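Asker: Submitted below is the structure of interest, expressed as structure tokens.
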Amino acid sequence: MIRTQVGIVGAGPAGLLLSHLLSLEGIESVIVESQSRAHIEERVRAGVLEQGTVDLLNEAGVGDRMRRQGLVHHGIELRFGRRGHRIDFQELVGRAITVYAQHEVVKDLVHARFTAGGQIFFEADSVSIHGFDGDDPRIRFRHAGEQRELACHYIAGCDGFRGICRPSVPAGALRFYEKVYPFGWLGILAEAKPASDELIYANHECGFALMSMRTPGISRLYLQCRPDEDLAEWPDSRIWEELQRRFQTAEGFRLNEGPIFQKGVTAMRSFVTEPMQYGRLFLAGDAAHIVPPTGAKGLNLAAADVRILSRALAWRFCTGSDERLRRYSEICLRRVWRAQHFSWWMTSLMHRFNQDSGFDHRRQLAELDQVTSSRAAATVLAENYTGLPFQLPGEEL
Ligand code: FAD
Ligand code: DHB
């Protein structure tokens with residue numbers, strides 16, 4: 001039997017950052033993760049960090065590599081009707097975003113946990129949670145062939161959308177809100193110099209496309225596809241042809257092409273769990289909510305959740321009062337629904353919808369025209385994209 005203060009399921013950004021923030025508050029935690037360390041350190045996911053997430057990582061002392069290798073962007077381009085339109089974040093809201101891969105954040109956090117003597121059980125099997133409706137929460141799992149049990153005061157369910165924590169709550173105790181989109185993203189990494197210094201979000205009759213990057217020599221590109229798209233039907237030549245079509249401009253813009261070394265398809269959904277807590281189980285990150293990736297909010301929401309949770313737990317262990325823990329869900333959900341709205345809006349603005357008679361596309365072009373010509377409309381985009389302030393009015397945690 002192992003004892004700790006907070007038992008954490010999942011070593012994604014939410015679980016790792018929570019464990020790190022708790023240790024800075026002098027609170028012990030143990031993480032149980034089903035995958036190997038190599039797997040989580042190489043899993044290709046998000047790339048855009050809001051200013052607030054960057055500040056949080058810096059303040060927590062895990063921002064060294066991010067500061068050296070992250071690419072700071074002061075705007076993005078919206079491309080439609082074969083023309084580009086820049087949204088200048090710096091000028092509109094005085095903020096920036098940083099392009100730094102999620103798996104690099106994960107590497108930095110794993111390194112920080114081990115350096116501080118933290119404990120992470122990788123490759124744990126048959127993970128289950130118990131006793132969180134009372135005052136004796138436990139996490140059971142098999143590790144290196146042995147049955148283990150972790151006794152803790154609280155459990156943090158940071159095990160992503162397909163984890164076991166949320167489904168362990170008795171039926172009917174939580175409410176779920178969900179929207180599934182009739183499309184997905186085919187994403188690639190390519191050894192190719194990004195054709196532009198900033199991200200390009202393209203609305204094209206054939207579907208959405210996004211140009212992002214990882215380093216000055218590696219492009220990260222996405223194109224809208226079917227949610228169950230078969231990658232076997234997408235040889236590299238077809239991917240480049242389709243991407244070139246969707247990014248084309250009147251001036252003859254061309255993406256730089258190069259060897260593709262990673263390909264994947266992501267289905268898209270919006271999903272929220274209410275509340276994000278049951279007894280002594282607290283859900284954080286993708287375990288509690290999913291956004292479609294168009295607004296680049298998922299990782300940033302996970303960071304915002306665990307910032308609130310770490311403070312509420314610190315308050316509980318320091319003062320004995322669970323008053324802040326009781327407000328955890330309500331405080332997180334306000335930001336979550338704001339991010340849900342923004343992600344849904346960006347998705348609806350940029351993607352091609354099935355059975356569009358042409359009306360939806362023209363409606364999108366009219367809205368894009370507004371976003372790129374009205375300072376008020378552009379400011380709303382800039383404010384949401386670069387991230388809401390950590391402290392929304394009325395939040396004292
Ligand atoms: P996860 O990263 O899913 O971590 C959960 C962890 O729990 C995993 O390590 C998993 O192995 C582990 N686990 C699962 N089940 C169990 C179990 N039973 N027992 C133990 N461990 C378990 N977000 C952004 O902010 N910006 C972006 O630019 C962006 N782009 C994206 C692009 C793509 C293609 C995708 C797929 C996502 C993107 N996101 C983006 C979303 C972002 O990647 C997620 O929101 C983020 O990973 C959430 O972190 P998390 O720690 O909550 O969950
Ligand atoms: C990336 C992913 C996103 O979802 C997004 O909106 C912007 C960039 C990326 O992986 O770089």
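In the structure tokens, the first chain shown is A, the next is B, and so on; residue numbers restart at 1 for each chain, and ligands run from 1 in the order shown.
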Enumerate as a PyMOL selection string the residues within 7 Å of ligand 1, counting only C-alpha atoms and all ligand atoms.
Answerer: chain A and resi 9-15+32-35+40+45-49+102+124+127+158-164+187+266+284-287+290+293+296-302
Asker: May I have the residues within 7 Å of region 308-316 of chain A as a PyMOL selection string, using only C-alpha atoms and disregarding those fewer than 4 positions away in the same chain?
Answerer: chain A and resi 18+21-22+25+304+320-322+324-325+328+397
Asker: Next, dump the selected residues to file, keeping only C-alpha atoms, as an mmCIF file, in the first residue's frame.
Answerer:
data_model
loop_
_atom_site.group_PDB
_atom_site.id
_atom_site.type_symbol
_atom_site.label_atom_id
_atom_site.label_comp_id
_atom_site.auth_asym_id
_atom_site.auth_seq_id
_atom_site.Cartn_x
_atom_site.Cartn_y
_atom_site.Cartn_z
ATOM 1 C CA LEU A 18 -1.115 19.411 -11.330
ATOM 2 C CA LEU A 21 2.032 22.770 -8.957
ATOM 3 C CA LEU A 22 1.068 20.734 -5.870
ATOM 4 C CA GLU A 25 2.757 24.112 -2.544
ATOM 5 C CA ALA A 304 -6.328 26.500 -16.350
ATOM 6 C CA GLY A 320 -8.665 22.419 6.610
ATOM 7 C CA SER A 321 -11.421 24.250 4.719
ATOM 8 C CA ASP A 322 -12.878 22.642 1.582
ATOM 9 C CA ARG A 324 -12.504 26.413 -2.448
ATOM 10 C CA LEU A 325 -12.725 22.794 -3.542
ATOM 11 C CA TYR A 328 -13.724 24.271 -8.263
ATOM 12 C CA LEU A 397 -8.756 31.614 -6.023
#
Asker: So which residues are near ligand 2, meaning at most 10 Å away with only C-alpha atoms and all ligand atoms counted, given back as a count of residues only?
Answerer: 41
Asker: For Ala377 (chain A), which residue among A:Ile218, A:Ile87, A:Gly172, A:Gly75 is the nearest when counting only C-alpha atoms?
Answerer: A:Ile87
Asker: So which one's closest to Phe80 (chain A), A:Leu92, A:Ile31, A:Leu223, A:Cys206? Using only C-alpha atoms, please.
Answerer: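 Between A:Leu92, A:Ile31, A:Leu223, A:Cys206, the residue approaching Phe80 (chain A) most closely is A:Cys206.
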Asker: Determine, counting only C-alpha atoms, which protein, DNA and RNA residues have an atom within 6 Å of an atom of Phe271 (chain A); residues of the same chain fewer than 2 positions away are not included. Present the result as a PyMOL selection string.
Answerer: chain A and resi 177-178+289-290
Asker: Can you list, as a list in words, every protein, DNA or RNA residue that comes within 7 Å of Arg142 (chain A) when you count only C-alpha atoms, leaving out same-chain residues fewer than 6 positions away?
Answerer: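 My reading of the contact set: Ala124, Asp125, Ser126 and Arg148 of chain A.
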Asker: Neighbours of Asp64 (chain A) within 9 Å (only C-alpha atoms; same-chain residues fewer than 5 positions away dropped), as a PyMOL selection string?
Answerer: chain A and resi 58+69+108
Asker: DSSP on the backbone: what in region 20-80 of chain A comes out strand (DSSP E or B), as a list in words?
Answerer: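 Here are the strand (DSSP E or B) residues of region 20-80 of chain A: Ser29, Val30, Ile31, Val32, Val48, Leu49, Leu71, Val72, His73, Gly75, Ile76, Glu77, Leu78, Arg79 and Phe80 of chain A.
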